[in-house]
$ cat run.csv   # CSV, C-alpha atoms and all ligand atoms
chain,number,residue,atom,x,y,z
A,1,MET,CA,-7.1,-18.5,-3.3
A,2,ILE,CA,-3.8,-18.7,-5.1
A,3,PRO,CA,-4.2,-19.5,-8.8
A,4,GLY,CA,-2.6,-23.0,-9.5
A,5,SER,CA,-2.5,-23.9,-5.8
A,6,ASP,CA,-4.5,-27.0,-4.5
A,7,SER,CA,-5.5,-25.4,-1.2
A,8,ASP,CA,-8.3,-22.9,-1.0
A,9,HIS,CA,-6.6,-20.6,1.5
A,10,PRO,CA,-3.0,-20.1,2.6
A,11,SER,CA,-2.3,-20.7,6.3
A,12,PHE,CA,-2.8,-17.8,8.7
A,13,LEU,CA,1.0,-17.4,9.0
A,14,LYS,CA,1.4,-17.4,5.2
A,15,SER,CA,-1.4,-14.8,4.9
A,16,PHE,CA,0.4,-12.6,7.4
A,17,LEU,CA,3.7,-12.9,5.5
A,18,PHE,CA,2.0,-12.0,2.2
A,19,ALA,CA,0.6,-8.9,3.9
A,20,VAL,CA,4.0,-8.0,5.2
A,21,GLN,CA,5.4,-8.5,1.7
A,22,GLY,CA,2.6,-6.2,0.3
A,23,PHE,CA,3.4,-3.5,2.9
A,24,ARG,CA,7.1,-3.6,2.2
A,25,PHE,CA,6.5,-3.4,-1.6
A,26,ALA,CA,4.1,-0.5,-1.1
A,27,VAL,CA,6.5,1.4,1.1
A,28,ARG,CA,9.4,0.9,-1.3
A,29,SER,CA,7.4,1.9,-4.4
A,30,GLU,CA,5.0,4.6,-3.1
A,31,ARG,CA,6.3,8.1,-2.1
A,32,ASN,CA,3.0,9.0,-0.5
A,33,ILE,CA,3.2,6.1,2.0
A,34,LYS,CA,6.7,7.2,3.0
A,35,VAL,CA,5.4,10.7,3.5
A,36,MET,CA,2.5,9.4,5.7
A,37,LEU,CA,4.9,7.2,7.7
A,38,CYS,CA,7.1,10.3,8.4
A,39,GLY,CA,3.9,12.2,9.4
A,40,GLY,CA,3.0,9.4,11.8
A,41,VAL,CA,6.5,9.5,13.4
A,42,LEU,CA,6.3,13.3,13.8
A,43,ALA,CA,2.8,12.9,15.4
A,44,VAL,CA,4.3,10.3,17.9
A,45,VAL,CA,7.2,12.6,18.7
A,46,ALA,CA,4.8,15.6,19.2
A,47,GLY,CA,2.7,13.3,21.4
A,48,LEU,CA,5.7,12.4,23.5
A,49,VAL,CA,6.7,16.0,23.9
A,50,LEU,CA,3.2,17.1,24.8
A,51,GLN,CA,2.6,14.0,27.0
A,52,LEU,CA,-0.7,13.1,25.5
A,53,ASP,CA,-3.2,11.2,27.6
A,54,LEU,CA,-4.3,7.6,26.8
A,55,LEU,CA,-7.4,8.6,24.8
A,56,SER,CA,-5.4,11.1,22.7
A,57,TRP,CA,-2.8,8.4,21.9
A,58,GLY,CA,-5.6,6.1,20.8
A,59,ILE,CA,-7.0,8.8,18.5
A,60,ILE,CA,-3.5,9.5,17.0
A,61,PHE,CA,-2.7,5.8,16.4
A,62,LEU,CA,-6.2,5.3,14.9
A,63,CYS,CA,-5.8,8.3,12.6
A,64,CYS,CA,-2.3,7.1,11.5
A,65,GLY,CA,-3.6,3.6,10.8
A,66,VAL,CA,-6.6,4.7,8.9
A,67,VAL,CA,-4.7,7.1,6.6
A,68,ILE,CA,-1.9,4.5,5.9
A,69,SER,CA,-4.4,1.8,5.3
A,70,ALA,CA,-6.4,4.0,2.9
A,71,GLU,CA,-3.2,4.7,0.9
A,72,LEU,CA,-2.4,1.0,0.8
A,73,VAL,CA,-5.9,0.4,-0.6
A,74,ASN,CA,-5.4,3.2,-3.1
A,75,THR,CA,-2.1,1.6,-4.2
A,76,ALA,CA,-3.9,-1.8,-4.6
A,77,ILE,CA,-6.6,-0.1,-6.8
A,78,GLU,CA,-3.9,1.6,-8.9
A,79,THR,CA,-2.1,-1.7,-9.4
A,80,VAL,CA,-5.3,-3.5,-10.5
A,81,VAL,CA,-6.2,-0.6,-12.8
A,82,ASP,CA,-2.7,-0.8,-14.4
A,83,LEU,CA,-3.2,-4.6,-14.8
A,84,VAL,CA,-6.6,-4.4,-16.5
A,85,SER,CA,-6.0,-1.2,-18.4
A,86,PRO,CA,-2.4,-0.7,-19.3
A,87,GLU,CA,-3.5,1.6,-22.1
A,88,PHE,CA,-5.0,5.1,-21.6
A,89,HIS,CA,-8.7,4.9,-20.8
A,90,PRO,CA,-10.9,7.6,-19.3
A,91,LEU,CA,-12.5,5.1,-16.9
A,92,ALA,CA,-9.1,3.9,-15.7
A,93,GLY,CA,-8.1,7.5,-15.0
A,94,ARG,CA,-11.4,8.1,-13.2
A,95,ALA,CA,-11.0,5.1,-11.0
A,96,LYS,CA,-7.5,6.2,-10.0
A,97,ASP,CA,-8.6,9.8,-9.4
A,98,ILE,CA,-11.5,8.7,-7.2
A,99,ALA,CA,-9.3,6.3,-5.2
A,100,ALA,CA,-6.8,9.2,-4.7
A,101,ALA,CA,-9.7,11.5,-3.7
A,102,ALA,CA,-10.7,9.1,-1.0
A,103,VAL,CA,-7.3,9.3,0.5
A,104,TRP,CA,-7.2,13.0,0.2
A,105,VAL,CA,-10.6,13.5,2.0
A,106,LEU,CA,-9.5,11.1,4.8
A,107,SER,CA,-6.1,12.9,5.2
A,108,LEU,CA,-7.8,16.3,5.4
A,109,MET,CA,-10.2,15.0,8.2
A,110,VAL,CA,-7.3,13.3,10.0
A,111,ALA,CA,-5.3,16.5,9.9
A,112,LEU,CA,-8.2,18.4,11.5
A,113,VAL,CA,-8.6,15.7,14.2
A,114,GLY,CA,-4.8,15.8,14.8
A,115,LEU,CA,-4.9,19.6,15.2
A,116,ALA,CA,-7.8,19.3,17.7
A,117,VAL,CA,-6.0,16.7,19.7
A,118,PHE,CA,-2.7,18.6,19.8
A,119,ALA,CA,-4.4,22.0,20.4
A,120,ASN,CA,-6.3,20.4,23.4
A,121,ALA,CA,-3.0,19.0,24.8
A,122,LEU,CA,-1.3,22.3,24.4
A,123,LEU,CA,-4.2,24.2,26.1
A,124,ALA,CA,-4.2,21.7,29.0
A,125,ARG,CA,-0.5,22.5,29.6
A,126,LEU,CA,-0.9,26.3,29.7
B,201,LIG,N1,-4.5,4.0,-17.7
B,201,LIG,C1,-4.9,5.3,-17.5
B,201,LIG,N2,-5.8,5.9,-18.3
B,201,LIG,C2,-6.1,7.2,-18.1
B,201,LIG,N3,-5.6,8.0,-17.1
B,201,LIG,C3,-4.7,7.5,-16.3
B,201,LIG,C4,-4.2,6.1,-16.5
B,201,LIG,N4,-3.3,5.8,-15.6
B,201,LIG,C5,-3.1,7.0,-14.9
B,201,LIG,N5,-3.9,8.0,-15.3
B,201,LIG,C6,-4.1,9.3,-14.8
B,201,LIG,O1,-2.8,9.7,-14.2
B,201,LIG,C7,-3.0,10.0,-12.8
B,201,LIG,C8,-1.7,9.5,-12.1
B,201,LIG,O2,-1.7,8.1,-12.2
B,201,LIG,P1,-0.5,7.2,-11.5
B,201,LIG,O3,-0.7,5.8,-11.8
B,201,LIG,O4,0.8,7.8,-11.8
B,201,LIG,O5,-0.9,7.4,-10.0
B,201,LIG,P2,0.1,8.0,-8.9
B,201,LIG,O6,0.5,9.4,-9.3
B,201,LIG,O7,1.1,6.9,-8.7
B,201,LIG,O8,-1.0,8.1,-7.7
B,201,LIG,P3,-0.5,8.2,-6.2
B,201,LIG,O9,0.2,9.5,-6.1
B,201,LIG,O10,-1.8,8.1,-5.4
B,201,LIG,O11,0.4,7.0,-5.9
B,201,LIG,C9,-4.2,9.2,-12.4
B,201,LIG,O12,-4.8,9.8,-11.2
B,201,LIG,C10,-5.1,9.4,-13.6
B,201,LIG,O13,-5.7,10.7,-13.7
$ encode --input "run.csv" --output "structure tokens"
Amino acid sequence: MIPGSDSDHPSFLKSFLFAVQGFRFAVRSERNIKVMLCGGVLAVVAGLVLQLDLLSWGIIFLCCGVVISAELVNTAIETVVDLVSPEFHPLAGRAKDIAAAAVWVLSLMVALVGLAVFANALLARL
């Protein structure tokens, strides 16, 4: 629901455009998302060089999507925390630290999965 608007929900197309707007804003303002997008491009290049099979491509794209989505949610949480607690507050800091930890844990696991996929592809080519 948009505050001040008559309709309960924007149309499907408008919702999609709002999401694109949110993605563009996050990419422009968050260094971590830029780093993750670069990591995704590197993974795709490495996948092309190693000629990954279909299942491996699925895993790589899923991993990239999961990490970037997690960082987007982290950015949304940071934005809401800044809105409700512009002053210093230990709980605001804790919420941001925990949201950042969620991305960190996911990134670590995805890095391990990526290593396994690329090691498997390398071994298959030996
Ligand atoms: N309002 C606040 N009250 C207390 N501590 C805060 C507050 N805002 C930020 N912090 C602390 O500063 C850290 C960095 O906050 P900031 O908003 O700069 O996140 P960030 O560095 O942009 O995070 P990310 O790198 O994930 O984008 C937080 O993880 C938290 O520990």
$ residues_around --input "run.csv" --residues "Glu71 (chain A)" --least-positions-apart "2" --cutoff "8 Å" --atoms "only C-alpha atoms" --output "list of chain:residue names"
A:Asn32, A:Ile33, A:Val67, A:Ile68, A:Ser69, A:Val73, A:Asn74, A:Thr75, A:Val103
$ write_last_selection --input "run.csv" --atoms "C-alpha atoms" --output "compact mmCIF listing (two decimals), in the frame of the given file"
# COMPACT_ATOMS: atom_id res chain seq x y z
CA ASN A 32 3.00 9.00 -0.50
CA ILE A 33 3.20 6.10 2.00
CA VAL A 67 -4.70 7.10 6.60
CA ILE A 68 -1.90 4.50 5.90
CA SER A 69 -4.40 1.80 5.30
CA VAL A 73 -5.90 0.40 -0.60
CA ASN A 74 -5.40 3.20 -3.10
CA THR A 75 -2.10 1.60 -4.20
CA VAL A 103 -7.30 9.30 0.50
$ closest_residue --input "run.csv" --among "A:Pro10, A:Leu72, A:Leu123, A:Ser85" --to "Ala102 (chain A)" --atoms "all atoms listed in the file"
A:Leu72
$ residues_near_ligand --input "run.csv" --ligand "ligand LIG 201 (chain B)" --cutoff "10 Å" --atoms "only C-alpha atoms and all ligand atoms" --output "count of residues only"
39
$ atom_distance --input "run.csv" --atom1 "CA of Ile60 (chain A)" --atom2 "CA of Val110 (chain A)"
8.8 Å
$ closest_residue --input "run.csv" --among "A:Val113, A:Val27, A:Leu108, A:Val35" --to "Phe61 (chain A)" --atoms "all atoms listed in the file"
A:Val113
$ closest_residue --input "run.csv" --among "A:Cys63, A:Ala121, A:Ala111, A:Val105" --to "Val49 (chain A)" --atoms "all atoms listed in the file"
A:Ala121
$ residues_around --input "run.csv" --residues "region 51-53 of chain A" --least-positions-apart "4" --cutoff "12 Å" --atoms "only C-alpha atoms" --output "PyMOL selection string"
chain A and resi 43-47+57-61+114+117-125
$ atom_distance --input "run.csv" --atom1 "CA of Gly40 (chain A)" --atom2 "CA of Val66 (chain A)"
11.1 Å
$ closest_residue --input "run.csv" --among "A:Phe25, A:Cys64, A:Ser5, A:Met109" --to "Val41 (chain A)" --atoms "all atoms listed in the file"
A:Cys64
$ atom_distance --input "run.csv" --atom1 "CA of Ser11 (chain A)" --atom2 "CA of Leu62 (chain A)"
27.7 Å
$ residues_around --input "run.csv" --residues "Ser15 (chain A)" --least-positions-apart "6" --cutoff "12 Å" --atoms "all atoms listed in the file" --output "ChimeraX atom specification"
/A:1-2,9,21-22
